[in-house]
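**Student:** For reference, this is run_18.cif, and it has mmCIF, C-alpha atoms and all ligand atoms.
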```cif
data_input
loop_
_atom_site.label_atom_id
_atom_site.label_comp_id
_atom_site.auth_asym_id
_atom_site.auth_seq_id
_atom_site.Cartn_x
_atom_site.Cartn_y
_atom_site.Cartn_z
CA MET Z 1 -81.69 221.52 64.36
CA ASN Z 2 -84.33 218.79 64.54
CA ALA Z 3 -86.90 219.73 67.22
CA ASN Z 4 -86.82 216.15 68.51
CA ALA Z 5 -83.04 216.03 69.00
CA PRO Z 6 -82.58 215.22 72.70
CA ILE Z 7 -80.38 216.65 75.39
CA LEU Z 8 -78.14 213.81 76.54
CA PHE Z 9 -77.51 213.60 80.29
CA PHE Z 10 -74.75 211.36 81.56
CA ASP Z 11 -73.83 210.14 85.06
CA SER Z 12 -72.71 206.93 86.76
CA GLY Z 13 -76.19 206.58 88.30
CA VAL Z 14 -79.15 208.69 89.37
CA GLY Z 15 -77.13 211.77 90.43
CA GLY Z 16 -77.67 213.60 87.17
CA LEU Z 17 -81.35 213.88 88.05
CA SER Z 18 -80.34 216.81 90.28
CA VAL Z 19 -79.29 218.61 87.09
CA LEU Z 20 -82.12 217.28 84.92
CA GLY Z 21 -84.79 218.57 87.37
CA PRO Z 22 -83.79 222.26 87.13
CA THR Z 23 -83.23 221.89 83.36
CA LEU Z 24 -86.80 220.72 82.81
CA LYS Z 25 -88.06 223.70 84.80
CA LEU Z 26 -86.48 225.99 82.20
CA LEU Z 27 -87.03 223.76 79.15
CA PRO Z 28 -90.15 221.69 79.91
CA ASN Z 29 -90.49 220.33 76.37
CA ALA Z 30 -86.89 219.24 75.98
CA PRO Z 31 -86.62 215.61 74.81
CA ILE Z 32 -84.32 213.80 77.25
CA VAL Z 33 -82.06 210.78 77.02
CA TYR Z 34 -80.42 210.06 80.37
CA ALA Z 35 -77.62 207.51 80.41
CA ALA Z 36 -76.40 205.99 83.68
CA ASP Z 37 -73.14 204.06 83.52
CA SER Z 38 -74.27 201.61 86.16
CA ALA Z 39 -71.63 199.08 84.98
CA GLY Z 40 -68.95 201.62 85.96
CA PHE Z 41 -70.67 202.78 89.16
CA PRO Z 42 -69.41 204.11 91.53
CA TYR Z 43 -67.08 206.47 89.70
CA GLY Z 44 -65.84 207.89 92.99
CA LYS Z 45 -63.91 204.68 93.67
CA ARG Z 46 -62.34 204.47 90.20
CA SER Z 47 -58.95 205.73 89.10
CA GLU Z 48 -58.42 208.82 86.97
CA ALA Z 49 -57.18 206.61 84.11
CA GLU Z 50 -60.31 204.44 84.16
CA ILE Z 51 -62.63 207.45 84.07
CA ALA Z 52 -60.60 209.26 81.44
CA SER Z 53 -60.88 206.30 79.07
CA ARG Z 54 -64.39 205.11 79.92
CA VAL Z 55 -66.37 208.35 79.80
CA PRO Z 56 -65.34 209.67 76.34
CA ALA Z 57 -65.80 206.21 74.79
CA LEU Z 58 -69.29 205.78 76.21
CA LEU Z 59 -70.36 209.29 75.31
CA GLY Z 60 -69.07 208.74 71.78
CA ARG Z 61 -71.34 205.68 71.41
CA LEU Z 62 -74.31 207.54 72.85
CA VAL Z 63 -73.84 210.50 70.53
CA GLU Z 64 -73.68 208.22 67.48
CA ARG Z 65 -76.86 206.50 68.54
CA PHE Z 66 -79.03 209.42 69.71
CA HIS Z 67 -77.67 212.45 67.81
CA PRO Z 68 -78.21 214.81 70.77
CA ARG Z 69 -78.20 218.58 70.37
CA LEU Z 70 -76.05 218.91 73.51
CA ALA Z 71 -74.44 216.58 76.07
CA VAL Z 72 -74.38 217.21 79.81
CA ILE Z 73 -71.86 215.39 81.96
CA ALA Z 74 -74.06 215.53 85.04
CA CYS Z 75 -71.33 214.11 87.25
CA ASN Z 76 -68.60 216.00 89.09
CA THR Z 77 -66.23 213.04 89.12
CA ALA Z 78 -66.40 212.54 85.35
CA SER Z 79 -66.31 216.30 84.67
CA THR Z 80 -63.33 217.15 86.89
CA ILE Z 81 -61.35 214.29 85.30
CA ALA Z 82 -62.59 213.88 81.72
CA LEU Z 83 -64.40 217.02 80.53
CA GLU Z 84 -61.54 218.14 78.31
CA HIS Z 85 -61.08 214.65 76.81
CA VAL Z 86 -64.78 214.49 76.01
CA ARG Z 87 -64.82 217.97 74.48
CA SER Z 88 -61.92 217.14 72.21
CA ALA Z 89 -63.45 213.80 71.20
CA LEU Z 90 -66.95 215.07 70.34
CA ASP Z 91 -68.13 217.50 67.75
CA LEU Z 92 -70.89 218.79 70.00
CA SER Z 93 -71.46 221.27 72.85
CA VAL Z 94 -70.63 219.55 76.14
CA VAL Z 95 -71.66 221.05 79.47
CA GLY Z 96 -69.83 219.82 82.56
CA THR Z 97 -70.55 219.88 86.28
CA VAL Z 98 -67.84 221.28 88.51
CA PRO Z 99 -67.90 222.00 92.25
CA ALA Z 100 -69.77 225.23 93.06
CA ILE Z 101 -66.85 226.70 95.04
CA LYS Z 102 -67.29 230.20 93.60
CA PRO Z 103 -70.87 230.77 94.86
CA ALA Z 104 -69.98 229.10 98.17
CA ALA Z 105 -67.07 231.53 98.68
CA GLU Z 106 -69.43 234.42 97.89
CA MET Z 107 -71.82 233.24 100.60
CA SER Z 108 -69.53 232.12 103.41
CA LYS Z 109 -69.21 234.44 106.38
CA THR Z 110 -66.87 232.27 108.47
CA ARG Z 111 -64.60 231.72 105.42
CA VAL Z 112 -64.60 227.99 106.11
CA ILE Z 113 -66.20 225.94 103.33
CA GLY Z 114 -66.87 222.23 103.14
CA VAL Z 115 -66.57 220.39 99.83
CA LEU Z 116 -68.51 217.15 99.95
CA GLY Z 117 -67.93 214.97 96.89
CA THR Z 118 -66.71 211.56 95.88
CA GLU Z 119 -63.26 210.38 96.91
CA ALA Z 120 -62.08 210.84 93.30
CA THR Z 121 -63.47 214.38 92.97
CA VAL Z 122 -62.08 215.77 96.21
CA ARG Z 123 -58.51 214.77 95.27
CA GLN Z 124 -58.61 216.49 91.85
CA PRO Z 125 -56.23 219.38 91.04
CA TYR Z 126 -59.33 220.93 89.42
CA VAL Z 127 -60.67 221.50 92.95
CA ASP Z 128 -57.36 223.10 94.04
CA ASP Z 129 -57.58 225.42 91.04
CA LEU Z 130 -61.17 226.47 91.84
CA GLY Z 131 -60.13 227.16 95.43
CA ALA Z 132 -57.11 229.22 94.34
CA LYS Z 133 -59.20 231.18 91.87
CA PHE Z 134 -62.39 231.85 93.79
CA ALA Z 135 -61.81 231.14 97.48
CA VAL Z 136 -58.24 232.10 98.19
CA ASP Z 137 -59.09 233.56 101.61
CA CYS Z 138 -61.18 230.51 102.64
CA THR Z 139 -60.21 227.31 104.38
CA ILE Z 140 -61.60 224.47 102.28
CA ILE Z 141 -62.28 221.19 104.02
CA ARG Z 142 -62.85 218.30 101.61
CA HIS Z 143 -64.57 215.03 102.32
CA GLY Z 144 -65.23 212.13 99.96
CA SER Z 145 -68.27 210.04 100.82
CA PRO Z 146 -69.12 206.87 98.89
CA GLU Z 147 -71.82 206.21 101.53
CA LEU Z 148 -73.86 209.25 100.47
CA VAL Z 149 -73.71 208.12 96.83
CA GLU Z 150 -75.13 204.73 97.83
CA LEU Z 151 -77.79 206.35 100.03
CA ALA Z 152 -78.96 208.56 97.14
CA GLU Z 153 -79.20 205.54 94.84
CA ALA Z 154 -81.18 203.67 97.51
CA LYS Z 155 -83.55 206.62 97.97
CA LEU Z 156 -84.37 206.76 94.26
CA GLY Z 157 -84.71 202.97 94.31
CA GLY Z 158 -87.60 203.45 96.74
CA ASP Z 159 -85.82 202.66 100.04
CA THR Z 160 -86.33 204.68 103.18
CA VAL Z 161 -83.19 206.64 103.99
CA ASP Z 162 -81.96 206.46 107.59
CA PRO Z 163 -81.26 210.08 108.70
CA ALA Z 164 -78.55 208.80 111.08
CA ALA Z 165 -76.70 207.21 108.15
CA VAL Z 166 -76.72 210.52 106.23
CA LYS Z 167 -75.43 212.36 109.28
CA ALA Z 168 -72.70 209.79 109.96
CA ALA Z 169 -71.52 209.94 106.34
CA ALA Z 170 -70.92 213.73 106.39
CA GLN Z 171 -69.83 214.05 110.04
CA PRO Z 172 -66.05 213.56 109.42
CA MET Z 173 -66.02 216.84 107.46
CA PHE Z 174 -67.24 218.71 110.54
CA ASP Z 175 -64.87 216.78 112.82
CA ALA Z 176 -61.79 217.86 110.82
CA ALA Z 177 -59.64 220.75 112.12
CA GLU Z 178 -61.76 223.96 111.87
CA GLY Z 179 -64.70 221.85 110.66
CA GLU Z 180 -66.95 223.28 113.38
CA ARG Z 181 -66.64 226.69 111.64
CA ILE Z 182 -68.02 225.46 108.29
CA ASP Z 183 -71.05 227.58 107.34
CA THR Z 184 -71.35 226.65 103.64
CA VAL Z 185 -71.07 223.22 102.03
CA VAL Z 186 -70.58 222.58 98.33
CA LEU Z 187 -72.44 219.48 97.24
CA ALA Z 188 -69.74 218.47 94.76
CA CYS Z 189 -71.40 215.25 93.67
CA THR Z 190 -74.64 215.33 91.72
CA HIS Z 191 -76.06 212.53 93.87
CA PHE Z 192 -76.00 214.67 97.01
CA PRO Z 193 -78.70 217.27 96.24
CA LEU Z 194 -81.05 214.26 96.04
CA LEU Z 195 -80.41 213.98 99.81
CA GLY Z 196 -80.79 217.74 100.31
CA GLU Z 197 -83.57 217.48 102.92
CA GLU Z 198 -81.74 214.82 104.90
CA LEU Z 199 -78.48 216.80 104.85
CA GLN Z 200 -80.23 220.01 105.90
CA ALA Z 201 -81.89 218.20 108.80
CA ALA Z 202 -78.58 216.60 109.85
CA PHE Z 203 -76.61 219.88 109.85
CA PRO Z 204 -79.14 222.73 110.07
CA GLN Z 205 -76.45 225.33 110.76
CA VAL Z 206 -74.97 225.17 107.23
CA ARG Z 207 -76.09 226.29 103.80
CA TYR Z 208 -75.70 223.93 100.88
CA VAL Z 209 -74.74 225.00 97.38
CA HIS Z 210 -74.77 222.94 94.20
CA GLY Z 211 -74.47 223.57 90.50
CA GLY Z 212 -77.85 222.24 89.25
CA GLU Z 213 -79.62 225.56 88.64
CA GLY Z 214 -76.53 227.21 87.14
CA ILE Z 215 -76.00 224.32 84.74
CA ALA Z 216 -79.67 224.45 83.74
CA ARG Z 217 -79.30 228.15 82.91
CA ARG Z 218 -76.20 227.36 80.85
CA ILE Z 219 -78.06 224.66 78.89
CA ALA Z 220 -80.97 227.04 78.25
CA TYR Z 221 -78.54 229.71 77.08
CA LEU Z 222 -76.64 227.40 74.72
CA THR Z 223 -79.89 226.18 73.14
CA ARG Z 224 -81.65 229.57 73.16
CA ASP Z 225 -82.09 229.75 69.37
CA GLN Z 226 -83.15 226.13 68.89
CA VAL Z 227 -86.59 224.69 68.25
CA TRP Z 228 -88.33 222.32 70.66
CA PRO Z 229 -91.35 220.02 70.43
CA SER Z 230 -94.62 221.79 71.27
CA ALA Z 231 -95.33 219.55 74.30
CA PRO Z 232 -93.28 217.56 76.84
CA SER Z 233 -91.95 214.29 75.44
CA PRO Z 234 -91.44 211.16 77.56
CA GLY Z 235 -87.83 210.89 78.72
CA LEU Z 236 -85.74 207.74 78.30
CA MET Z 237 -83.27 206.43 80.89
CA LEU Z 238 -80.58 203.95 79.86
CA PHE Z 239 -78.36 201.77 82.04
CA THR Z 240 -75.10 200.14 80.99
CA SER Z 241 -75.75 197.08 83.17
CA SER Z 242 -78.73 195.21 84.53
CA ALA Z 243 -78.33 196.90 87.95
CA ARG Z 244 -81.53 197.44 89.89
CA PRO Z 245 -83.06 200.53 88.27
CA PRO Z 246 -84.84 203.26 90.20
CA SER Z 247 -88.60 203.01 90.32
CA LEU Z 248 -90.54 204.67 87.50
CA ALA Z 249 -92.58 206.43 90.20
CA ALA Z 250 -89.41 208.08 91.57
CA LEU Z 251 -88.43 209.08 88.03
CA ALA Z 252 -91.82 210.53 87.07
CA PRO Z 253 -91.04 214.03 88.44
CA PHE Z 254 -88.05 214.07 86.08
CA GLY Z 255 -90.16 213.26 83.03
CA ILE Z 256 -88.63 209.77 82.63
CA ARG Z 257 -91.21 207.26 81.47
CA GLU Z 258 -89.07 204.49 80.05
CA ILE Z 259 -86.02 202.55 81.31
CA LYS Z 260 -83.85 200.37 79.06
CA SER Z 261 -80.41 198.80 79.06
CA LEU Z 262 -77.85 200.14 76.65
N1 LIG Q 1 -72.73 211.53 90.57
C1 LIG Q 1 -71.32 211.46 90.55
C2 LIG Q 1 -70.62 212.76 90.85
O1 LIG Q 1 -71.21 213.80 90.67
C3 LIG Q 1 -70.56 210.20 90.90
C4 LIG Q 1 -71.04 209.24 91.93
C5 LIG Q 1 -70.23 207.95 91.84
O2 LIG Q 1 -70.46 207.20 90.88
O3 LIG Q 1 -69.36 207.73 92.70
O4 LIG Q 1 -69.48 212.80 91.21
#
```
Step by step, read the file and then write its structure as structure tokens.

**Tutor:**
Amino acid sequence: MNANAPILFFDSGVGGLSVLGPTLKLLPNAPIVYAADSAGFPYGKRSEAEIASRVPALLGRLVERFHPRLAVIACNTASTIALEHVRSALDLSVVGTVPAIKPAAEMSKTRVIGVLGTEATVRQPYVDDLGAKFAVDCTIIRHGSPELVELAEAKLGGDTVDPAAVKAAAQPMFDAAEGERIDTVVLACTHFPLLGEELQAAFPQVRYVHGGEGIARRIAYLTRDQVWPSAPSPGLMLFTSSARPPSLAALAPFGIREIKSL
């Protein structure tokens, strides 16, 4: 394995940064290529068929171009719909991001869990299966919020986030039947941990769980015998359209120093 072979991160936008951050804590010298399918954004509003054809095709092109050591689908929507298609199309380890229902069920005392994701993710049978497997004695209340995805993009773009808008976007989950008993919320969209402080302030009574740290540990485990550069290398972020990119200042904590279009 070439020490400079990157880890490829993939999302519709900036959400995958919530997986990249914990990964760099464990693997600070990992070379990173982060691809944001801004031309397909937001995935949460797309159909299953669109995602299932778009994501494997794009990842195939990225793998040919960058020869990554591992690919991370840092997007719950793409993972819950297309992970298996991608795995069968690529001759490479692929790590997905799926809703952290198992740890949430382990933590919940009231046995009422919220799953906050995109509209596409919360309707996936994959989520039913996780509930049946890990949270069979819990009531799971799902809410899809395209507003929170937009707010996270705006935050990384340098805008000030209105706390009232964050609260209003998640409020319907708590207004649903039994919603007032929710004590644990799964952030089932990688964009949402980027609004972690705002969400905690809006609903201080709940605990939030997401997969970022667990995925980072999985990446470190899968690459445990591989060689890395001896110092951090500047990360590259690619966009599939000329959408307004996040500011380089906002990306600096994630090691990204260069932005390009694909
Ligand atoms: N970050 C994505 C997820 O984890 C998708 C956001 C979107 O494009 O709607 O689901």

**Student:** Take atom C3 of ligand LIG 1 (chain Q) and atom CA of Z:Pro42 and report the distance between them in Å, one decimal.

**Tutor:**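 That distance, rounded to one decimal, is 6.2 Å.
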
**Student:** Please compute the atom CA of Z:His191-atom CA of Z:Gln226 distance, one decimal, in Å.

**Tutor:**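 Here the two named atoms are 29.3 Å from each other.
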
**Student:** Could you list the protein, DNA and RNA residues that have any atom within 8 Å of ligand LIG 1 (chain Q), counting only C-alpha atoms and all ligand atoms, and write them as a ChimeraX atom specification?

**Tutor:** /Z:11-16,40-45,74-78,97,117-121,146,149,188-192

**Student:** Just the residues within 12 Å of Z:Ala250, please, counting all atoms listed in the file, with nothing from its chain fewer than 2 positions along; format it as a short mmCIF file (atom, residue, chain, number, x, y, z; two decimals) with C-alpha atoms, in the frame of the given file.

**Tutor:**
```
data_model
loop_
_atom_site.label_atom_id
_atom_site.label_comp_id
_atom_site.auth_asym_id
_atom_site.auth_seq_id
_atom_site.Cartn_x
_atom_site.Cartn_y
_atom_site.Cartn_z
CA VAL Z 14 -79.15 208.69 89.37
CA LEU Z 17 -81.35 213.88 88.05
CA ALA Z 152 -78.96 208.56 97.14
CA GLU Z 153 -79.20 205.54 94.84
CA ALA Z 154 -81.18 203.67 97.51
CA LYS Z 155 -83.55 206.62 97.97
CA LEU Z 156 -84.37 206.76 94.26
CA GLY Z 157 -84.71 202.97 94.31
CA GLY Z 158 -87.60 203.45 96.74
CA ASP Z 159 -85.82 202.66 100.04
CA LEU Z 194 -81.05 214.26 96.04
CA PRO Z 245 -83.06 200.53 88.27
CA PRO Z 246 -84.84 203.26 90.20
CA SER Z 247 -88.60 203.01 90.32
CA LEU Z 248 -90.54 204.67 87.50
CA ALA Z 252 -91.82 210.53 87.07
CA PRO Z 253 -91.04 214.03 88.44
CA PHE Z 254 -88.05 214.07 86.08
CA GLY Z 255 -90.16 213.26 83.03
CA ILE Z 256 -88.63 209.77 82.63
CA ARG Z 257 -91.21 207.26 81.47
#
```

**Student:** Between Z:Ala82, Z:Leu58, Z:Val98, Z:Leu195, which is the closest to Z:Thr160 once you count only C-alpha atoms?

**Tutor:**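 Looking at the shortest contact to Z:Thr160, the residue is Z:Leu195.
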
**Student:** Considering only C-alpha atoms, state which residue in the set Z:Arg207, Z:Arg181, Z:Arg69, Z:Lys133 is at the smallest distance from Z:Asp225.

**Tutor:**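 Answer, going by the shortest atom-to-atom distance: Z:Arg69.
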
**Student:** Can you work out which one of Z:Leu251, Z:Leu130, Z:Met173, Z:Leu222 has the shortest atom-to-atom distance to Z:Gly235, counting all atoms listed in the file?

**Tutor:** Z:Leu251

**Student:** Considering all atoms listed in the file, return as a list in words whatever protein or nucleic-acid residues lie within 12 Å of Z:Ile219, sequence-local ones (same chain, fewer than 6 positions apart) excluded.

**Tutor:**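 The filter keeps Ile7, Leu8, Phe9, Val19, Leu20, Pro22, Thr23, Leu24, Lys25, Leu26, Leu27, Ala30, Arg69, Leu70, Ala71, Val72, Ile73, Ala74, Ser93, Val94, Val95, Gly96, Thr97, Gly212, Glu213, Asp225 and Gln226 of chain Z.
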
**Student:** Show which residues sit within 7 Å of Z:Ser241, as a list of chain:residue names. Count all atoms listed in the file, and ignore same-chain residues fewer than 5 positions away.

**Tutor:**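 Neighbouring residues, sequence-local ones excluded: Z:Ser38, Z:Ala39, Z:Ser261.
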
**Student:** To one decimal place, how far is atom CA of Z:Leu90 from atom CA of Z:Pro28 in Å?

**Tutor:** 26.0 Å

**Student:** Would you mind telling me which residue in Z:Thr80, Z:Glu197, Z:Ile101, Z:Arg46 lies nearest to Z:Pro125 when using only C-alpha atoms?

**Tutor:**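 Nearest to Z:Pro125: Z:Thr80.
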
**Student:** Using all atoms listed in the file, can you tell me which of Z:Leu238, Z:Gln124, Z:Asp175, Z:Ser233 comes closest to Z:Ser47?

**Tutor:**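 Going through Z:Leu238, Z:Gln124, Z:Asp175, Z:Ser233 one by one, the smallest distance to Z:Ser47 is for Z:Gln124.
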
**Student:** Using all atoms listed in the file, which of the listed residues (Z:His85, Z:Pro193, Z:Pro6, Z:Lys102) sits closest to Z:Ala57?

**Tutor:**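 Of Z:His85, Z:Pro193, Z:Pro6, Z:Lys102, the one nearest Z:Ala57 is Z:His85, counting all atoms listed in the file.
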
**Student:** At a cut-off of 8 Å, using all atoms listed in the file, what residues contact Z:Val209? Leave out same-chain residues fewer than 2 positions from it and give the result as a list in words.

**Tutor:** Ala100, Pro103, Ala104, Thr184, Val185, Val186, Leu187, Arg207 and Gly211 of chain Z

**Student:** Can you write out the residues you just picked, keeping C-alpha atoms, as a tab-separated table (two decimals), keeping the file's coordinate frame?

**Tutor:**
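Now in result-v2.tsv:
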```tsv
chain	number	residue	atom	x	y	z
Z	100	ALA	CA	-69.77	225.23	93.06
Z	103	PRO	CA	-70.87	230.77	94.86
Z	104	ALA	CA	-69.98	229.10	98.17
Z	184	THR	CA	-71.35	226.65	103.64
Z	185	VAL	CA	-71.07	223.22	102.03
Z	186	VAL	CA	-70.58	222.58	98.33
Z	187	LEU	CA	-72.44	219.48	97.24
Z	207	ARG	CA	-76.09	226.29	103.80
Z	211	GLY	CA	-74.47	223.57	90.50
```

**Student:** Using all atoms listed in the file - which residues lie no farther than 10 Å from the point (-66.1, 231.8, 102.3) in the file's frame? Write them as number ranges by chain.

**Tutor:** Z: 101-114, 134-140, 182-185

**Student:** Let me see the file: selected residues, C-alpha atoms, as a short mmCIF file (atom, residue, chain, number, x, y, z; two decimals), in the frame of the given file.

**Tutor:**
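Result file is result.cif:
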```cif
data_model
loop_
_atom_site.label_atom_id
_atom_site.label_comp_id
_atom_site.auth_asym_id
_atom_site.auth_seq_id
_atom_site.Cartn_x
_atom_site.Cartn_y
_atom_site.Cartn_z
CA ILE Z 101 -66.85 226.70 95.04
CA LYS Z 102 -67.29 230.20 93.60
CA PRO Z 103 -70.87 230.77 94.86
CA ALA Z 104 -69.98 229.10 98.17
CA ALA Z 105 -67.07 231.53 98.68
CA GLU Z 106 -69.43 234.42 97.89
CA MET Z 107 -71.82 233.24 100.60
CA SER Z 108 -69.53 232.12 103.41
CA LYS Z 109 -69.21 234.44 106.38
CA THR Z 110 -66.87 232.27 108.47
CA ARG Z 111 -64.60 231.72 105.42
CA VAL Z 112 -64.60 227.99 106.11
CA ILE Z 113 -66.20 225.94 103.33
CA GLY Z 114 -66.87 222.23 103.14
CA PHE Z 134 -62.39 231.85 93.79
CA ALA Z 135 -61.81 231.14 97.48
CA VAL Z 136 -58.24 232.10 98.19
CA ASP Z 137 -59.09 233.56 101.61
CA CYS Z 138 -61.18 230.51 102.64
CA THR Z 139 -60.21 227.31 104.38
CA ILE Z 140 -61.60 224.47 102.28
CA ILE Z 182 -68.02 225.46 108.29
CA ASP Z 183 -71.05 227.58 107.34
CA THR Z 184 -71.35 226.65 103.64
CA VAL Z 185 -71.07 223.22 102.03
#
```

**Student:** Kindly write all heavy atoms of stretch 22-30 of chain Z from the structure just given to a file, as an mmCIF file, in the first residue's frame.

**Tutor:**
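Result file follows (part_11.cif):
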```cif
data_model
loop_
_atom_site.group_PDB
_atom_site.id
_atom_site.type_symbol
_atom_site.label_atom_id
_atom_site.label_comp_id
_atom_site.auth_asym_id
_atom_site.auth_seq_id
_atom_site.Cartn_x
_atom_site.Cartn_y
_atom_site.Cartn_z
ATOM 1 N N PRO Z 22 -13.533 13.073 13.562
ATOM 2 C CA PRO Z 22 -13.068 11.995 14.457
ATOM 3 C C PRO Z 22 -12.034 11.075 13.805
ATOM 4 O O PRO Z 22 -11.168 10.538 14.490
ATOM 5 C CB PRO Z 22 -14.343 11.207 14.774
ATOM 6 C CG PRO Z 22 -15.486 12.056 14.375
ATOM 7 C CD PRO Z 22 -15.004 13.084 13.403
ATOM 8 N N THR Z 23 -12.084 10.917 12.478
ATOM 9 C CA THR Z 23 -11.101 10.045 11.806
ATOM 10 C C THR Z 23 -9.707 10.659 11.907
ATOM 11 O O THR Z 23 -8.723 9.968 12.198
ATOM 12 C CB THR Z 23 -11.489 9.846 10.322
ATOM 13 O OG1 THR Z 23 -12.815 9.326 10.263
ATOM 14 C CG2 THR Z 23 -10.535 8.896 9.623
ATOM 15 N N LEU Z 24 -9.628 11.980 11.709
ATOM 16 C CA LEU Z 24 -8.308 12.622 11.778
ATOM 17 C C LEU Z 24 -7.745 12.616 13.193
ATOM 18 O O LEU Z 24 -6.536 12.685 13.382
ATOM 19 C CB LEU Z 24 -8.386 14.051 11.234
ATOM 20 C CG LEU Z 24 -8.507 14.152 9.709
ATOM 21 C CD1 LEU Z 24 -8.652 15.601 9.274
ATOM 22 C CD2 LEU Z 24 -7.303 13.519 8.997
ATOM 23 N N LYS Z 25 -8.634 12.532 14.189
ATOM 24 C CA LYS Z 25 -8.132 12.436 15.573
ATOM 25 C C LYS Z 25 -7.373 11.127 15.754
ATOM 26 O O LYS Z 25 -6.361 11.072 16.446
ATOM 27 C CB LYS Z 25 -9.289 12.487 16.570
ATOM 28 C CG LYS Z 25 -9.875 13.868 16.690
ATOM 29 C CD LYS Z 25 -10.345 14.120 18.137
ATOM 30 C CE LYS Z 25 -10.739 15.571 18.309
ATOM 31 N NZ LYS Z 25 -12.153 15.794 18.035
ATOM 32 N N LEU Z 26 -7.860 10.068 15.120
ATOM 33 C CA LEU Z 26 -7.205 8.750 15.252
ATOM 34 C C LEU Z 26 -6.060 8.585 14.255
ATOM 35 O O LEU Z 26 -5.090 7.888 14.530
ATOM 36 C CB LEU Z 26 -8.226 7.625 15.035
ATOM 37 C CG LEU Z 26 -9.376 7.541 16.035
ATOM 38 C CD1 LEU Z 26 -10.249 6.326 15.729
ATOM 39 C CD2 LEU Z 26 -8.856 7.458 17.466
ATOM 40 N N LEU Z 27 -6.210 9.188 13.077
ATOM 41 C CA LEU Z 27 -5.226 9.001 11.997
ATOM 42 C C LEU Z 27 -4.808 10.379 11.471
ATOM 43 O O LEU Z 27 -5.181 10.774 10.358
ATOM 44 C CB LEU Z 27 -5.859 8.180 10.857
ATOM 45 C CG LEU Z 27 -6.357 6.772 11.215
ATOM 46 C CD1 LEU Z 27 -7.193 6.191 10.082
ATOM 47 C CD2 LEU Z 27 -5.168 5.849 11.515
ATOM 48 N N PRO Z 28 -4.043 11.128 12.273
ATOM 49 C CA PRO Z 28 -3.784 12.536 11.913
ATOM 50 C C PRO Z 28 -3.007 12.720 10.609
ATOM 51 O O PRO Z 28 -3.087 13.786 9.999
ATOM 52 C CB PRO Z 28 -2.984 13.074 13.111
ATOM 53 C CG PRO Z 28 -2.524 11.872 13.858
ATOM 54 C CD PRO Z 28 -3.462 10.748 13.562
ATOM 55 N N ASN Z 29 -2.280 11.703 10.186
ATOM 56 C CA ASN Z 29 -1.484 11.864 8.954
ATOM 57 C C ASN Z 29 -2.175 11.286 7.718
ATOM 58 O O ASN Z 29 -1.565 11.226 6.644
ATOM 59 C CB ASN Z 29 -0.112 11.195 9.127
ATOM 60 C CG ASN Z 29 0.701 11.868 10.221
ATOM 61 O OD1 ASN Z 29 0.332 12.942 10.703
ATOM 62 N ND2 ASN Z 29 1.798 11.243 10.620
ATOM 63 N N ALA Z 30 -3.408 10.874 7.880
ATOM 64 C CA ALA Z 30 -4.096 10.255 6.739
ATOM 65 C C ALA Z 30 -4.302 11.270 5.610
ATOM 66 O O ALA Z 30 -4.866 12.336 5.847
ATOM 67 C CB ALA Z 30 -5.450 9.708 7.191
#
```
